[in-house]
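S.K.: TSV, C-alpha atoms, file data-v4.tsv:
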chain	number	residue	atom	x	y	z
A	1	MET	CA	112.63	111.54	56.88
A	2	HIS	CA	115.85	113.44	57.36
A	3	ILE	CA	114.67	116.15	54.97
A	4	LEU	CA	111.33	116.46	56.82
A	5	GLU	CA	113.15	116.89	60.13
A	6	LYS	CA	115.36	119.57	58.56
A	7	GLU	CA	112.30	121.44	57.27
A	8	LYS	CA	110.75	121.34	60.77
A	9	ASN	CA	113.92	122.83	62.23
A	10	ILE	CA	113.93	125.61	59.64
A	11	ILE	CA	110.26	126.42	60.41
A	12	SER	CA	110.95	126.43	64.17
A	13	ILE	CA	113.95	128.71	63.74
A	14	SER	CA	111.93	131.02	61.47
A	15	ILE	CA	109.12	131.27	64.05
A	16	PHE	CA	111.65	131.94	66.81
A	17	VAL	CA	113.39	134.66	64.77
A	18	GLY	CA	110.00	136.17	63.89
A	19	ILE	CA	109.04	136.34	67.57
A	20	ILE	CA	112.37	137.97	68.47
A	21	ILE	CA	112.01	140.56	65.68
A	22	SER	CA	108.41	141.30	66.78
A	23	LEU	CA	109.51	141.78	70.39
A	24	ILE	CA	112.34	144.08	69.32
A	25	PHE	CA	109.89	146.09	67.18
A	26	LEU	CA	107.38	146.39	70.05
A	27	PHE	CA	110.06	147.36	72.55
A	28	THR	CA	111.53	149.95	70.17
A	29	THR	CA	108.07	151.31	69.32
A	30	LYS	CA	107.10	151.55	73.00
A	31	SER	CA	110.36	153.26	73.94
A	32	TYR	CA	110.15	155.77	71.08
A	33	SER	CA	106.43	156.48	71.49
A	34	ASP	CA	106.61	156.95	75.26
A	35	SER	CA	109.67	159.19	74.93
A	36	ILE	CA	108.05	161.47	72.33
A	37	GLN	CA	104.65	161.66	74.05
A	38	LYS	CA	106.22	162.30	77.47
A	39	GLY	CA	108.51	164.98	76.03
A	40	ILE	CA	105.55	166.80	74.47
A	41	SER	CA	103.23	166.43	77.47
A	42	GLU	CA	105.86	167.70	79.92
A	43	GLU	CA	105.83	171.09	78.16
A	44	ILE	CA	102.09	171.45	77.56
A	45	ILE	CA	99.10	172.19	79.77
A	46	ARG	CA	95.62	171.73	78.39
A	47	LEU	CA	92.00	172.66	79.14
A	48	HIS	CA	89.49	169.87	79.67
A	49	VAL	CA	85.81	170.82	80.06
A	50	LEU	CA	83.28	168.07	80.82
A	51	ALA	CA	79.59	168.74	80.17
A	52	ASN	CA	76.88	167.62	82.60
A	53	SER	CA	75.44	165.29	79.93
A	54	ASP	CA	75.24	164.75	76.18
A	55	SER	CA	71.94	166.61	75.85
A	56	THR	CA	71.95	169.40	73.29
A	57	TYR	CA	71.51	172.05	75.96
A	58	ASP	CA	74.28	170.71	78.22
A	59	GLN	CA	76.65	170.55	75.27
A	60	GLU	CA	75.82	174.15	74.32
A	61	LEU	CA	76.30	175.18	77.94
A	62	LYS	CA	79.72	173.51	77.96
A	63	ILE	CA	80.81	175.73	75.05
A	64	LYS	CA	79.50	178.85	76.80
A	65	VAL	CA	81.47	177.92	79.93
A	66	LYS	CA	84.57	177.25	77.83
A	67	ASP	CA	84.23	180.62	76.09
A	68	GLY	CA	83.80	182.42	79.41
A	69	ILE	CA	86.79	180.72	81.03
A	70	THR	CA	89.15	181.34	78.10
A	71	LYS	CA	88.06	184.97	77.97
A	72	LEU	CA	88.66	185.28	81.73
A	73	LEU	CA	92.18	183.86	81.46
A	74	GLU	CA	93.21	185.13	78.03
A	75	LYS	CA	94.88	188.37	79.10
A	76	GLU	CA	97.07	186.69	81.75
A	77	LEU	CA	97.87	183.43	80.00
A	78	LYS	CA	98.54	184.85	76.56
A	79	ASN	CA	101.83	186.32	77.81
A	80	SER	CA	102.93	183.27	79.80
A	81	LYS	CA	106.38	182.04	78.82
A	82	SER	CA	106.35	178.58	80.41
A	83	LYS	CA	104.12	175.72	81.50
A	84	ASP	CA	105.06	176.37	85.16
A	85	GLU	CA	104.01	180.01	84.87
A	86	THR	CA	100.70	179.01	83.27
A	87	ARG	CA	100.04	176.41	85.97
A	88	THR	CA	100.75	178.98	88.72
A	89	LEU	CA	98.35	181.48	87.12
A	90	ILE	CA	95.64	178.84	86.78
A	91	ILE	CA	95.95	177.70	90.40
A	92	LYS	CA	95.88	181.33	91.52
A	93	ASN	CA	92.61	181.81	89.62
A	94	LEU	CA	90.80	178.53	90.41
A	95	ASP	CA	88.19	180.26	92.60
A	96	LYS	CA	87.56	182.87	89.89
A	97	ILE	CA	87.28	180.11	87.28
A	98	GLU	CA	84.64	178.24	89.30
A	99	GLU	CA	82.77	181.47	90.05
A	100	LYS	CA	82.77	182.48	86.38
A	101	ALA	CA	81.49	179.07	85.29
A	102	GLU	CA	78.77	179.04	87.96
A	103	ASN	CA	77.61	182.52	86.92
A	104	ILE	CA	77.38	181.47	83.27
A	105	ILE	CA	75.39	178.38	84.27
A	106	LYS	CA	72.97	180.45	86.41
A	107	GLU	CA	72.56	183.04	83.67
A	108	ASN	CA	71.40	180.22	81.43
A	109	GLY	CA	68.80	178.96	83.90
A	110	TYR	CA	70.60	176.06	85.60
A	111	ASN	CA	72.30	175.49	88.93
A	112	TYR	CA	74.89	172.81	88.18
A	113	SER	CA	77.87	172.66	90.50
A	114	VAL	CA	81.35	173.32	89.08
A	115	ASN	CA	84.64	171.73	90.08
A	116	ALA	CA	87.87	173.21	88.69
A	117	LYS	CA	91.25	171.59	89.36
A	118	ILE	CA	94.62	170.71	87.88
A	119	SER	CA	94.80	167.03	86.99
A	120	PHE	CA	96.28	164.53	84.55
A	121	ASP	CA	93.90	163.22	81.89
A	122	LYS	CA	94.03	161.11	78.75
A	123	PHE	CA	93.44	163.07	75.54
A	124	PRO	CA	92.79	161.80	72.01
A	125	THR	CA	94.77	163.01	69.00
A	126	LYS	CA	93.73	166.62	68.41
A	127	GLN	CA	94.54	169.18	65.74
A	128	TYR	CA	94.81	172.94	66.32
A	129	GLY	CA	95.30	174.79	63.04
A	130	ASP	CA	98.40	173.19	61.53
A	131	ILE	CA	99.57	171.74	64.87
A	132	ILE	CA	98.54	168.21	65.84
A	133	LEU	CA	99.10	166.63	69.27
A	134	PRO	CA	99.25	162.84	69.71
A	135	THR	CA	96.96	160.94	72.04
A	136	GLY	CA	98.22	160.37	75.58
A	137	GLU	CA	98.21	161.70	79.12
A	138	TYR	CA	98.55	165.46	79.65
A	139	GLU	CA	98.33	167.85	82.58
A	140	ALA	CA	95.21	169.97	82.32
A	141	LEU	CA	92.88	172.48	83.90
A	142	LYS	CA	89.87	170.20	84.35
A	143	ILE	CA	86.43	171.77	84.70
A	144	GLU	CA	83.60	169.43	85.65
A	145	ILE	CA	80.06	170.72	85.14
A	146	GLY	CA	77.36	169.00	87.21
A	147	GLU	CA	77.66	165.23	86.87
A	148	ALA	CA	80.40	165.65	84.22
A	149	LYS	CA	79.07	162.71	82.20
A	150	GLY	CA	78.86	164.47	78.84
A	151	LYS	CA	81.28	164.75	75.94
A	152	ASN	CA	84.48	166.68	76.56
A	153	TRP	CA	85.94	169.82	75.04
A	154	TRP	CA	89.72	170.24	74.77
A	155	CYS	CA	92.25	172.92	73.94
A	156	VAL	CA	95.81	173.94	74.88
A	157	MET	CA	96.46	176.62	77.52
A	158	PHE	CA	100.23	176.54	77.17
A	159	PRO	CA	101.33	177.36	74.58
A	160	PRO	CA	98.11	179.42	74.46
A	161	LEU	CA	96.40	177.72	71.51
A	162	CYS	CA	93.00	178.06	73.24
A	163	PHE	CA	93.07	181.70	72.20
A	164	VAL	CA	93.80	181.03	68.52
A	165	ASP	CA	90.83	181.67	66.24
A	166	ALA	CA	89.08	178.28	65.90
A	167	SER	CA	88.68	178.82	62.17
A	168	ALA	CA	92.40	179.53	61.66
A	169	LYS	CA	94.18	176.98	59.49
A	170	VAL	CA	97.63	178.04	60.70
A	171	VAL	CA	98.82	178.68	64.27
A	172	PRO	CA	100.32	182.20	64.58
A	173	ASP	CA	104.12	182.35	64.37
A	174	LYS	CA	104.40	183.71	67.91
A	175	ASP	CA	102.62	180.69	69.44
A	176	LYS	CA	104.38	178.24	67.12
A	177	SER	CA	107.78	179.73	68.03
A	178	LEU	CA	106.95	179.35	71.71
A	179	LEU	CA	106.00	175.72	71.16
A	180	LYS	CA	109.23	175.16	69.20
A	181	SER	CA	111.29	176.68	72.00
A	182	VAL	CA	110.00	174.23	74.63
A	183	LEU	CA	110.09	171.04	72.53
A	184	THR	CA	113.02	169.15	71.05
A	185	GLU	CA	113.48	169.38	67.29
A	186	GLU	CA	112.13	165.84	66.86
A	187	GLU	CA	109.05	166.53	69.02
A	188	PHE	CA	108.29	169.81	67.26
A	189	ASN	CA	108.66	168.28	63.80
A	190	ILE	CA	106.16	165.58	64.74
A	191	VAL	CA	103.46	167.98	65.99
A	192	ASP	CA	104.16	170.55	63.24
A	193	LYS	CA	104.54	168.28	60.23
A	194	ALA	CA	102.38	165.27	61.09
A	195	LYS	CA	99.77	166.36	58.52
A	196	SER	CA	102.25	167.33	55.83
A	197	GLU	CA	101.81	165.48	52.55
A	198	ASN	CA	105.49	166.01	51.77
A	199	ASP	CA	107.05	164.50	54.88
A	200	LEU	CA	106.28	160.78	54.93
A	201	PRO	CA	108.93	159.86	57.58
A	202	ILE	CA	107.42	162.37	60.05
A	203	LYS	CA	103.89	161.12	59.31
A	204	LEU	CA	105.01	157.54	59.97
A	205	LYS	CA	106.70	158.54	63.24
A	206	PHE	CA	103.51	160.30	64.34
A	207	LYS	CA	101.46	157.21	63.49
A	208	ILE	CA	103.79	155.06	65.60
A	209	VAL	CA	103.31	157.37	68.59
A	210	GLU	CA	99.55	157.56	68.02
A	211	TRP	CA	99.18	153.78	67.61
A	212	TRP	CA	101.15	152.88	70.73
A	213	GLN	CA	99.54	155.55	72.94
A	214	ASN	CA	96.05	154.48	71.81
A	215	LEU	CA	96.94	150.86	72.58
A	216	ASN	CA	98.24	151.91	75.99
A	217	CYS	CA	95.07	153.90	76.77
A	218	GLN	CA	92.86	150.95	75.76
A	219	LYS	CA	94.90	148.60	77.95
A	220	ASN	CA	94.54	150.93	80.94
A	221	GLU	CA	90.75	151.14	80.41
A	222	LEU	CA	90.53	147.34	80.39
A	223	TYR	CA	92.42	147.16	83.69
A	224	LYS	CA	90.00	149.69	85.23
A	225	ASN	CA	87.01	147.60	84.22
Please lay out the structure from this file as structure tokens.
M.R.:
Amino acid sequence: MHILEKEKNIISISIFVGIIISLIFLFTTKSYSDSIQKGISEEIIRLHVLANSDSTYDQELKIKVKDGITKLLEKELKNSKSKDETRTLIIKNLDKIEEKAENIIKENGYNYSVNAKISFDKFPTKQYGDIILPTGEYEALKIEIGEAKGKNWWCVMFPPLCFVDASAKVVPDKDKSLLKSVLTEEEFNIVDKAKSENDLPIKLKFKIVEWWQNLNCQKNELYKN
């Protein structure tokens, strides 16, 4: 009987220690993930285009609008040296952005409304050449076409990765250097080396950030519903 009681105490202590270790792991993971994602998002501004619907035509129209907007802004934004400068240029050109999108839509036989604004949105993990950004909330130029109920299109306006050739496997050194200059060494290593086969620690760190941010996004969606 005494031995049985001792075994129960050992099991109880083991469960208690396990819970404490799990809580420490979750707290550490949350703290690290939020710190990295926030650090990256504070230096990046993205483009978020929402199609009217998921119909083939509306999705094709979304790409045409995206192409027109990036072409409109390319000359000014390509030389931007900071997120603040990019944001200022975008706000300055919001009317032109809406007008350009509306013209493209009319040229293609539709009359959808367009709403362009700066907002904060949740983005999934996305790769641009050899740069990969973790899921999370980012500031973005948001362009809503019509009812804006279709699939999204994303890219990065600062640093200007929207203007990198979509087929390129490597981000140009100029844009990568700019990204490196605005991120900490840890943040840059994560976005630059997350896909590297030779850097397991960085890949694991990226997965921690990705896992926690995805969990956080799912939790927020549940609260909304």
S.K.: Using Å and a single decimal, report how far atom CA of A:Asp173 sits from atom CA of A:Glu74.
M.R.: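 Going from atom CA of A:Glu74 over to atom CA of A:Asp173 covers 17.7 Å.
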S.K.: May I ask which of the residues A:Ile40, A:Ala148, A:Ile132, A:Ala140 is the closest one to A:Asn52, counting only C-alpha atoms?
M.R.: A:Ala148
S.K.: Just how far from atom CA of A:Arg46 is atom CA of A:Lys62, in Å to one decimal?
M.R.: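 One can read the atom CA of A:Lys62 to atom CA of A:Arg46 distance as 16.0 Å.
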S.K.: Please, which residues in stretch 136-187 of chain A fall within 10 Å of stretch 79-99 of chain A when counting only C-alpha atoms, and what is the closest atom pair and distance in Å to one decimal for each, ordered by chain then residue number, as a tab-separated table?
M.R.:
residue	atom	partner	partner_atom	distance
A:Glu139	CA	A:Arg87	CA	9.4
A:Ala140	CA	A:Arg87	CA	8.8
A:Leu141	CA	A:Ile90	CA	7.5
A:Ile143	CA	A:Glu98	CA	8.1
A:Glu144	CA	A:Glu98	CA	9.6
A:Ile145	CA	A:Glu98	CA	9.7
A:Met157	CA	A:Thr86	CA	7.5
A:Phe158	CA	A:Lys83	CA	5.9
A:Pro159	CA	A:Lys83	CA	7.6
A:Pro160	CA	A:Ser80	CA	8.2
A:Leu178	CA	A:Lys81	CA	7.6
A:Leu179	CA	A:Ser82	CA	9.7
A:Ser181	CA	A:Ser82	CA	9.9
A:Val182	CA	A:Ser82	CA	8.1
S.K.: Mind dumping the selected residues with C-alpha atoms as a PDB file, keeping the file's coordinate frame?
M.R.:
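The resulting again_26.pdb:
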ATOM      1  CA  GLU A 139      98.330 167.850  82.580  1.00  0.00           C
ATOM      2  CA  ALA A 140      95.210 169.970  82.320  1.00  0.00           C
ATOM      3  CA  LEU A 141      92.880 172.480  83.900  1.00  0.00           C
ATOM      4  CA  ILE A 143      86.430 171.770  84.700  1.00  0.00           C
ATOM      5  CA  GLU A 144      83.600 169.430  85.650  1.00  0.00           C
ATOM      6  CA  ILE A 145      80.060 170.720  85.140  1.00  0.00           C
ATOM      7  CA  MET A 157      96.460 176.620  77.520  1.00  0.00           C
ATOM      8  CA  PHE A 158     100.230 176.540  77.170  1.00  0.00           C
ATOM      9  CA  PRO A 159     101.330 177.360  74.580  1.00  0.00           C
ATOM     10  CA  PRO A 160      98.110 179.420  74.460  1.00  0.00           C
ATOM     11  CA  LEU A 178     106.950 179.350  71.710  1.00  0.00           C
ATOM     12  CA  LEU A 179     106.000 175.720  71.160  1.00  0.00           C
ATOM     13  CA  SER A 181     111.290 176.680  72.000  1.00  0.00           C
ATOM     14  CA  VAL A 182     110.000 174.230  74.630  1.00  0.00           C
TER      15      VAL A 182
END
S.K.: Can you pull out the residues contacting A:Val191? Cut-off 7 Å, using only C-alpha atoms, and skip same-chain residues under 2 positions away; I want them as a ChimeraX atom specification.
M.R.: /A:131-133,187-189,193-194
S.K.: In terms of the shortest atom-to-atom distance over all atoms listed in the file, which of A:Asp192, A:Glu76, A:Glu137, A:Asp175 is closest to A:Gly39?
M.R.: A:Glu137
S.K.: Skip A:Cys162 itself and residues of its chain fewer than 4 positions away, then list as a list in words all residues within 10 Å of it, counting only C-alpha atoms.
M.R.: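 The neighbour list is Arg46, Leu47, Lys66, Asp67, Thr70, Lys71, Glu74, Leu77, Lys78, Tyr128, Trp154, Cys155, Val156, Met157, Phe158 and Ala166 of chain A.
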S.K.: Please put the answer as lines of an AutoDock Vina configuration file: centre and edge lengths, in Å with one decimal, of a box along x, y and z that encloses all listed atoms of stretch 132-151 of chain A plus 4 Å on each side.
M.R.:
center_x = 88.3
center_y = 166.4
center_z = 76.5
size_x = 29.9
size_y = 20.1
size_z = 29.4
S.K.: For atom CA of A:Ser119 and atom CA of A:Lys142, determine how far apart the two atoms are, in Å to one decimal place.
M.R.: 6.4 Å
S.K.: Quick one: everything within 12 Å of A:Lys106, counting only C-alpha atoms, minus sequence neighbours fewer than 6 positions away in the same chain. Send it as an NGL selection string.
M.R.: :A and (61 or 64-65 or 99-100 or 112-114)
S.K.: Using the selection just defined, write its residues with C-alpha atoms as an mmCIF file, in the frame of the given file.
M.R.:
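See selection-v5.cif below for the written result:
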data_model
loop_
_atom_site.group_PDB
_atom_site.id
_atom_site.type_symbol
_atom_site.label_atom_id
_atom_site.label_comp_id
_atom_site.auth_asym_id
_atom_site.auth_seq_id
_atom_site.Cartn_x
_atom_site.Cartn_y
_atom_site.Cartn_z
ATOM 1 C CA LEU A 61 76.300 175.180 77.940
ATOM 2 C CA LYS A 64 79.500 178.850 76.800
ATOM 3 C CA VAL A 65 81.470 177.920 79.930
ATOM 4 C CA GLU A 99 82.770 181.470 90.050
ATOM 5 C CA LYS A 100 82.770 182.480 86.380
ATOM 6 C CA TYR A 112 74.890 172.810 88.180
ATOM 7 C CA SER A 113 77.870 172.660 90.500
ATOM 8 C CA VAL A 114 81.350 173.320 89.080
#
S.K.: So which one's closest to A:Tyr138, A:Gly109, A:Gly150, A:Gly68, A:Pro124? Using all atoms listed in the file, please.
M.R.: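 Comparing A:Gly109, A:Gly150, A:Gly68, A:Pro124 against A:Tyr138, the winner is A:Pro124.
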S.K.: Would you mind telling me which residue in A:Thr125, A:Ser177, A:Asn108, A:Thr135 lies nearest to A:Asp58 when using all atoms listed in the file?
M.R.: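 The answer is A:Asn108, which sits nearest to A:Asp58.
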S.K.: Using only C-alpha atoms, find the one residue out of A:Ser55, A:Ile45, A:Lys174, A:Gln37 that sits nearest to A:Phe120.
M.R.: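 Of the candidates, the smallest distance to A:Phe120 is held by A:Ile45.
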